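S.K.: Pasting upload20.csv below, which is CSV, C-alpha atoms.
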chain,number,residue,atom,x,y,z
P,1,MET,CA,188.6,-44.0,138.7
P,2,THR,CA,186.8,-40.9,137.5
P,3,LYS,CA,186.4,-38.3,140.3
P,4,VAL,CA,184.7,-35.4,138.5
P,5,PRO,CA,182.0,-35.7,135.9
P,6,VAL,CA,183.2,-34.3,132.5
P,7,GLY,CA,180.9,-33.2,129.7
P,8,ASP,CA,177.6,-35.1,129.7
P,9,GLN,CA,178.7,-37.8,132.3
P,10,PRO,CA,176.3,-38.3,135.1
P,11,ALA,CA,176.8,-36.4,138.4
P,12,ASP,CA,177.4,-39.8,140.2
P,13,ILE,CA,179.9,-41.2,137.7
P,14,GLU,CA,182.4,-41.8,140.5
P,15,GLN,CA,179.9,-43.9,142.5
P,16,GLN,CA,178.7,-45.8,139.3
P,17,ILE,CA,182.3,-46.7,138.5
P,18,ARG,CA,183.1,-47.7,142.0
P,19,ASN,CA,180.0,-49.9,142.2
P,20,MET,CA,180.9,-51.6,138.9
P,21,LEU,CA,184.5,-52.1,140.0
P,22,MET,CA,183.4,-53.6,143.4
P,23,GLU,CA,181.0,-56.0,141.7
P,24,PHE,CA,184.0,-57.6,140.0
P,25,ILE,CA,186.9,-57.3,142.4
P,26,SER,CA,184.8,-58.6,145.4
P,27,LYS,CA,184.8,-62.0,143.8
P,28,GLU,CA,187.5,-64.3,145.2
P,29,SER,CA,188.2,-65.6,141.7
P,30,CYS,CA,189.2,-62.1,140.5
P,31,LEU,CA,192.8,-60.9,140.2
P,32,ILE,CA,193.1,-57.2,140.9
P,33,LEU,CA,195.5,-55.0,138.9
P,34,ALA,CA,196.0,-51.9,141.1
P,35,VAL,CA,197.6,-49.2,138.9
P,36,SER,CA,199.0,-46.1,140.7
P,37,PRO,CA,201.2,-43.2,139.5
P,38,ALA,CA,204.6,-43.0,141.3
P,39,ASN,CA,204.5,-39.2,141.3
P,40,THR,CA,201.7,-39.2,144.0
P,41,ASP,CA,201.6,-40.4,147.6
P,42,LEU,CA,201.1,-44.2,147.2
P,43,ALA,CA,199.8,-44.4,150.8
P,44,ASN,CA,196.8,-42.5,149.4
P,45,SER,CA,196.4,-44.5,146.2
P,46,ASP,CA,192.7,-45.1,145.3
P,47,ALA,CA,193.6,-48.3,143.5
P,48,LEU,CA,195.5,-49.7,146.5
P,49,LYS,CA,192.9,-48.5,148.9
P,50,ILE,CA,190.0,-50.2,147.0
P,51,ALA,CA,192.0,-53.4,146.5
P,52,LYS,CA,192.7,-53.5,150.2
P,53,GLU,CA,189.0,-53.3,151.0
P,54,VAL,CA,188.3,-56.6,149.2
P,55,ASP,CA,191.8,-58.2,149.4
P,56,PRO,CA,193.1,-57.1,152.8
P,57,GLN,CA,196.0,-59.6,152.7
P,58,GLY,CA,197.1,-58.5,149.2
P,59,ILE,CA,196.8,-62.1,147.9
P,60,ARG,CA,195.0,-61.3,144.7
P,61,THR,CA,196.4,-57.9,144.0
P,62,ILE,CA,199.2,-57.1,141.5
P,63,GLY,CA,200.6,-53.6,141.9
P,64,VAL,CA,201.6,-51.5,138.9
P,65,ILE,CA,203.5,-48.3,139.4
P,66,THR,CA,203.5,-45.8,136.5
P,67,LYS,CA,205.2,-42.5,135.9
P,68,LEU,CA,208.4,-43.4,137.6
P,69,ASP,CA,210.2,-41.0,135.2
P,70,LEU,CA,208.1,-38.1,136.5
P,71,MET,CA,209.0,-38.4,140.2
P,72,ASP,CA,210.6,-35.4,141.9
P,73,ASP,CA,214.4,-35.3,141.8
P,74,GLY,CA,216.0,-37.1,144.7
P,75,THR,CA,212.9,-39.4,145.1
P,76,ASP,CA,212.3,-42.9,143.9
P,77,ALA,CA,209.8,-45.8,144.3
P,78,ARG,CA,212.5,-48.4,145.2
P,79,GLU,CA,210.9,-49.4,148.6
P,80,ILE,CA,207.5,-50.1,147.0
P,81,LEU,CA,209.0,-51.9,143.9
P,82,GLU,CA,211.0,-54.1,146.3
P,83,ASN,CA,207.7,-54.9,148.0
P,84,ARG,CA,208.9,-53.5,151.4
P,85,LEU,CA,206.3,-50.7,151.7
P,86,LEU,CA,202.6,-51.7,151.4
P,87,PRO,CA,203.6,-55.3,150.5
P,88,LEU,CA,201.5,-57.5,148.1
P,89,ARG,CA,202.0,-61.2,147.7
P,90,ARG,CA,202.2,-60.8,144.0
P,91,GLY,CA,204.4,-57.7,144.3
P,92,TYR,CA,204.8,-54.6,142.1
P,93,ILE,CA,206.0,-53.9,138.6
P,94,GLY,CA,207.1,-50.4,137.5
P,95,VAL,CA,206.5,-49.1,134.0
P,96,VAL,CA,207.2,-45.9,132.1
P,97,ASN,CA,204.5,-45.1,129.5
P,98,ARG,CA,204.6,-42.8,126.5
P,99,SER,CA,203.8,-39.2,127.4
P,100,GLN,CA,201.1,-37.3,125.6
P,101,ARG,CA,203.8,-35.5,123.7
P,102,ASP,CA,205.3,-38.9,122.6
P,103,ILE,CA,201.9,-40.0,121.4
P,104,GLU,CA,201.2,-36.8,119.5
P,105,GLY,CA,204.7,-36.9,118.1
P,106,ARG,CA,203.9,-40.5,116.9
P,107,LYS,CA,206.6,-42.2,119.0
P,108,ASP,CA,206.0,-45.9,118.2
P,109,ILE,CA,205.7,-48.5,120.9
P,110,ARG,CA,209.0,-50.2,120.1
P,111,THR,CA,210.9,-46.9,120.5
P,112,ALA,CA,209.0,-46.2,123.7
P,113,MET,CA,209.9,-49.6,125.2
P,114,ALA,CA,213.5,-49.1,124.3
P,115,ALA,CA,213.4,-45.7,126.1
P,116,GLU,CA,211.7,-47.4,129.1
P,117,ARG,CA,214.4,-50.1,129.2
P,118,LYS,CA,217.2,-47.4,129.0
P,119,PHE,CA,215.5,-45.5,131.8
P,120,PHE,CA,215.5,-48.5,134.2
P,121,LEU,CA,219.0,-49.6,133.3
P,122,SER,CA,220.5,-46.1,133.8
P,123,HIS,CA,218.6,-45.1,136.9
P,124,PRO,CA,220.7,-45.8,140.1
P,125,SER,CA,217.7,-46.8,142.1
P,126,TYR,CA,216.3,-49.2,139.5
P,127,ARG,CA,219.2,-50.7,137.5
P,128,HIS,CA,219.6,-53.6,140.0
P,129,MET,CA,216.1,-54.7,139.3
P,130,ALA,CA,215.7,-53.6,135.7
P,131,ASP,CA,215.0,-57.2,134.6
P,132,ARG,CA,211.9,-57.1,136.8
P,133,LEU,CA,210.6,-53.8,135.6
P,134,GLY,CA,209.0,-52.5,132.3
P,135,THR,CA,206.1,-53.2,130.0
P,136,PRO,CA,207.5,-56.4,128.5
P,137,TYR,CA,208.0,-57.8,132.0
P,138,LEU,CA,204.5,-56.7,133.1
P,139,GLN,CA,203.1,-58.5,130.0
P,140,LYS,CA,205.0,-61.7,130.9
P,141,VAL,CA,204.0,-61.6,134.6
P,142,LEU,CA,200.3,-60.9,133.8
P,143,ASN,CA,200.2,-63.7,131.3
P,144,GLN,CA,201.8,-66.1,133.8
P,145,GLN,CA,199.7,-65.0,136.8
P,146,LEU,CA,196.5,-65.2,134.8
P,147,THR,CA,197.3,-68.7,133.5
P,148,ASN,CA,198.1,-69.9,137.0
P,149,HIS,CA,195.1,-68.2,138.5
P,150,ILE,CA,192.7,-69.8,135.9
P,151,ARG,CA,194.4,-73.2,136.5
P,152,ASP,CA,193.9,-72.8,140.3
P,153,THR,CA,190.4,-71.4,140.3
P,154,LEU,CA,188.8,-73.3,137.4
P,155,PRO,CA,188.0,-76.5,139.3
P,156,SER,CA,186.0,-74.6,142.0
P,157,LEU,CA,184.3,-72.4,139.4
P,158,ARG,CA,183.3,-75.6,137.5
P,159,ASN,CA,181.9,-77.1,140.7
P,160,ASN,CA,180.0,-73.9,141.6
P,161,TYR,CA,178.5,-73.8,138.1
P,162,SER,CA,177.4,-77.4,138.1
P,163,HIS,CA,175.8,-77.1,141.5
P,164,SER,CA,173.9,-74.0,140.5
P,165,CYS,CA,172.4,-75.7,137.3
Using the file provided, produce a representation of the structure as structure tokens.
M.R.:
Amino acid sequence: MTKVPVGDQPADIEQQIRNMLMEFISKESCLILAVSPANTDLANSDALKIAKEVDPQGIRTIGVITKLDLMDDGTDAREILENRLLPLRRGYIGVVNRSQRDIEGRKDIRTAMAAERKFFLSHPSYRHMADRLGTPYLQKVLNQQLTNHIRDTLPSLRNNYSHSC
């Protein structure tokens, strides 16, 4: 979510984006991908806060926690990744993305994913769940969840459509 207008963006850009977002995620047939950086207080995450407004039980929300490698020394996101803090029915997946320096240095995706895997396997708080973390796992889960969600919601969407014609 954009908070402050940049360049020639309209002054109410935050409200415009929020309205557009709410138009989609308010629909019961919509899955919500709530992406939050781990190096901020997750209790104040805009993504989780907005998701909770339309999905208070956390049934349609998938949590993604980024920047796990940028957390302060001595801290980790283990409780949230284990779905014990701010639980969601679909849980949370942690990822480590390429940094701006990596992108500018032309670090390719394959190398970045290998570094992400190494980070999770070598981190004492995450190695026990390394097989449920990372970008490849996120891709797999999103594909599976979306396929299941379409299968589960398509009959009612078809019925709603045929009744409105």
S.K.: Figure out the distance between atom CA of Glu14 of chain P and atom CA of Leu142 of chain P, please, to one decimal in Å.
M.R.: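 About the pair atom CA of Leu142 of chain P and atom CA of Glu14 of chain P: they are 27.0 Å apart.
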S.K.: Which one of P:Leu121, P:Ile25, P:Leu42, P:Leu31 sits closest to Thr61 of chain P if you count only C-alpha atoms?
M.R.: P:Leu31
S.K.: In Å to one decimal, how far is atom CA of Arg132 of chain P from atom CA of Tyr92 of chain P?
M.R.: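 Here the two named atoms are 9.2 Å from each other.
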S.K.: Quick check, in Å to one decimal: how far apart do atom CA of Val96 of chain P and atom CA of Thr40 of chain P lie?
M.R.: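 Pair atom CA of Val96 of chain P / atom CA of Thr40 of chain P returns 14.7 Å.
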S.K.: Within 10 Å of (212.5, -57.4, 137.3), all atoms listed in the file: residues as number ranges by chain?
M.R.: P: 81-82, 92-94, 120, 126-134, 137-138, 141
S.K.: Could you check which of P:Ala114, P:Val95, P:Leu86, P:Ile150 is closest to Gly58 of chain P, using all atoms listed in the file?
M.R.: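 Looking only at the distances to Gly58 of chain P, the closest residue turns out to be P:Leu86.
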S.K.: Can you work out which one of P:Arg110, P:Leu85, P:His149, P:Ile17 has the shortest atom-to-atom distance to Ile50 of chain P, counting only C-alpha atoms?
M.R.: P:Ile17
